[in-house]
Amino acid sequence: MILDISTDPAGAVDAAVACLQAGGVVVLPTETVYGVAAIADNSSAVEELFVRKGRPADRRVAVLVADLDQARSLAVVDERTIALAEVAWPGPLTMVLPTAPGSDEATVGVRCPDHALVQAVATSVGPIATTSANRSGDPTPADAASAAASLGGDLLVLDDGRCTGMPSTVVDLTVDPAVILREGTFTAADLEAAGIRVEPGSAGPGDDR
């Protein structure tokens, strides 16, 4: 089912929240590209996300959060994280951080998107595991219907027109100097302007979101 966000934004949020809470996956827009999302702590839903995308299990996905407080529920937030969030969030920057105590994983990539609908969904359901809405290795479609079709169809889809932004910059803050794992809108100069030391020459094309 495709819902036009411009027609009923509140209804689109309610539908996405209901679907996610029922263990489903949803195609939704961000300020960069369309993503496919599941509640981060629902293992079966996240597994479906990986299967639909054809993504190997060892290639992890980012987690979208509503704000820095939600990030704290997942990760260790230090002074560098706070400084960078103040200038880059909400926005297309994913920070790889040490996980909070009790997690089975060592690190987690978190991002607060600059998209009101996604923030509203995350506020309601908590952090959402999200990756670009395409089969692994293929380009990400710019329109919602094509994004859903690439993932096998039979999905709730939130349509916000064309999404053609650059994928987020991914920066590893588990080390100091930080390492840019994927280039995006935020450059090494932007990070350094925020007081983050960056390993020279660390930027690269990285993995798909």
# chains A, B, ... in the order shown; residues from 1 in each chain; ligands from 1
call {"tool": "residues_around", "arguments": {"residues": "region 80-93 of chain A", "least_positions_apart": "3", "cutoff": "9 Å", "atoms": "only C-alpha atoms", "output": "list in words"}}
result
Glu31, Thr32, Ala66, Asp67, Leu68, Val76, Val77, Leu97, Val110, Arg111, Cys112, Pro113, Asp114, His115, Met166, Pro167, Ser168, Thr169, Val170, Val171, Leu173, Gly184, Thr185, Phe186, Leu191, Ala194, Gly195 and Ile196 of chain A
call {"tool": "select_by_dssp", "arguments": {"residues": "chain A", "states": "helix (DSSP H, G or I)", "output": "MDAnalysis selection string"}}
result
chainID A and resid 9:21 43:53 68:74 79:88 116:125 144:150 188:193
call {"tool": "closest_residue", "arguments": {"among": "A:Thr130, A:Val96, A:Val118, A:Gly102", "to": "Ala178 (chain A)", "atoms": "only C-alpha atoms"}}
result
A:Val96
call {"tool": "closest_residue", "arguments": {"among": "A:Pro127, A:Leu28, A:Ser73, A:Ala120", "to": "Ala40 (chain A)", "atoms": "only C-alpha atoms"}}
result
A:Pro127
call {"tool": "residues_around", "arguments": {"residues": "Ala147 (chain A)", "least_positions_apart": "3", "cutoff": "9 Å", "atoms": "only C-alpha atoms", "output": "list in words"}}
result
Val27, Tyr34, Gly35, Val36, Ser132, Ala133, Asn134, Thr140, Pro141, Ala142, Asp143, Ala144, Ser150, Leu151, Gly153 and Val157 of chain A
call {"tool": "write_last_selection", "arguments": {"atoms": "C-alpha atoms", "output": "PDB file, in the first residue's frame"}}
result
ATOM      1  CA  VAL A  27       9.588   1.965   2.938  1.00  0.00           C
ATOM      2  CA  TYR A  34      14.329   6.114   0.311  1.00  0.00           C
ATOM      3  CA  GLY A  35      14.990   3.608   3.064  1.00  0.00           C
ATOM      4  CA  VAL A  36      13.453   0.364   4.265  1.00  0.00           C
ATOM      5  CA  SER A 132      18.609   2.160   1.498  1.00  0.00           C
ATOM      6  CA  ALA A 133      15.535   0.763  -0.292  1.00  0.00           C
ATOM      7  CA  ASN A 134      17.229  -1.217  -3.021  1.00  0.00           C
ATOM      8  CA  THR A 140      18.566   3.184  -4.963  1.00  0.00           C
ATOM      9  CA  PRO A 141      15.381   4.125  -6.874  1.00  0.00           C
ATOM     10  CA  ALA A 142      14.422   7.775  -6.567  1.00  0.00           C
ATOM     11  CA  ASP A 143      10.666   7.171  -6.305  1.00  0.00           C
ATOM     12  CA  ALA A 144       8.743   5.283  -3.657  1.00  0.00           C
ATOM     13  CA  SER A 150      12.948  -3.506  -5.872  1.00  0.00           C
ATOM     14  CA  LEU A 151      12.375  -5.097  -2.451  1.00  0.00           C
ATOM     15  CA  GLY A 153       6.595  -5.413  -3.183  1.00  0.00           C
ATOM     16  CA  VAL A 157       5.208   2.645   1.379  1.00  0.00           C
TER      17      VAL A 157
END
call {"tool": "closest_residue", "arguments": {"among": "A:Thr123, A:Thr94, A:Gln21, A:Thr99", "to": "Arg182 (chain A)", "atoms": "only C-alpha atoms"}}
result
A:Thr94
call {"tool": "residues_around", "arguments": {"residues": "Asp14 (chain A)", "least_positions_apart": "4", "cutoff": "12 Å", "atoms": "only C-alpha atoms", "output": "ChimeraX atom specification"}}
result
/A:3,5,8-10,18-21,117-118,120-125,156,158
call {"tool": "closest_residue", "arguments": {"among": "A:Ala12, A:Val25, A:Val46, A:Val179", "to": "Glu199 (chain A)", "atoms": "only C-alpha atoms"}}
result
A:Val179
call {"tool": "atom_distance", "arguments": {"atom1": "CA of Gly11 (chain A)", "atom2": "CA of Asp41 (chain A)"}}
result
24.1 Å
call {"tool": "atom_distance", "arguments": {"atom1": "CA of Leu181 (chain A)", "atom2": "CA of Ser202 (chain A)"}}
result
7.0 Å
call {"tool": "atom_distance", "arguments": {"atom1": "CA of Asp190 (chain A)", "atom2": "CA of Asp78 (chain A)"}}
result
18.7 Å
call {"tool": "closest_residue", "arguments": {"among": "A:Val198, A:Ile2, A:Ile128, A:Ala71", "to": "Val17 (chain A)", "atoms": "only C-alpha atoms"}}
result
A:Ile128
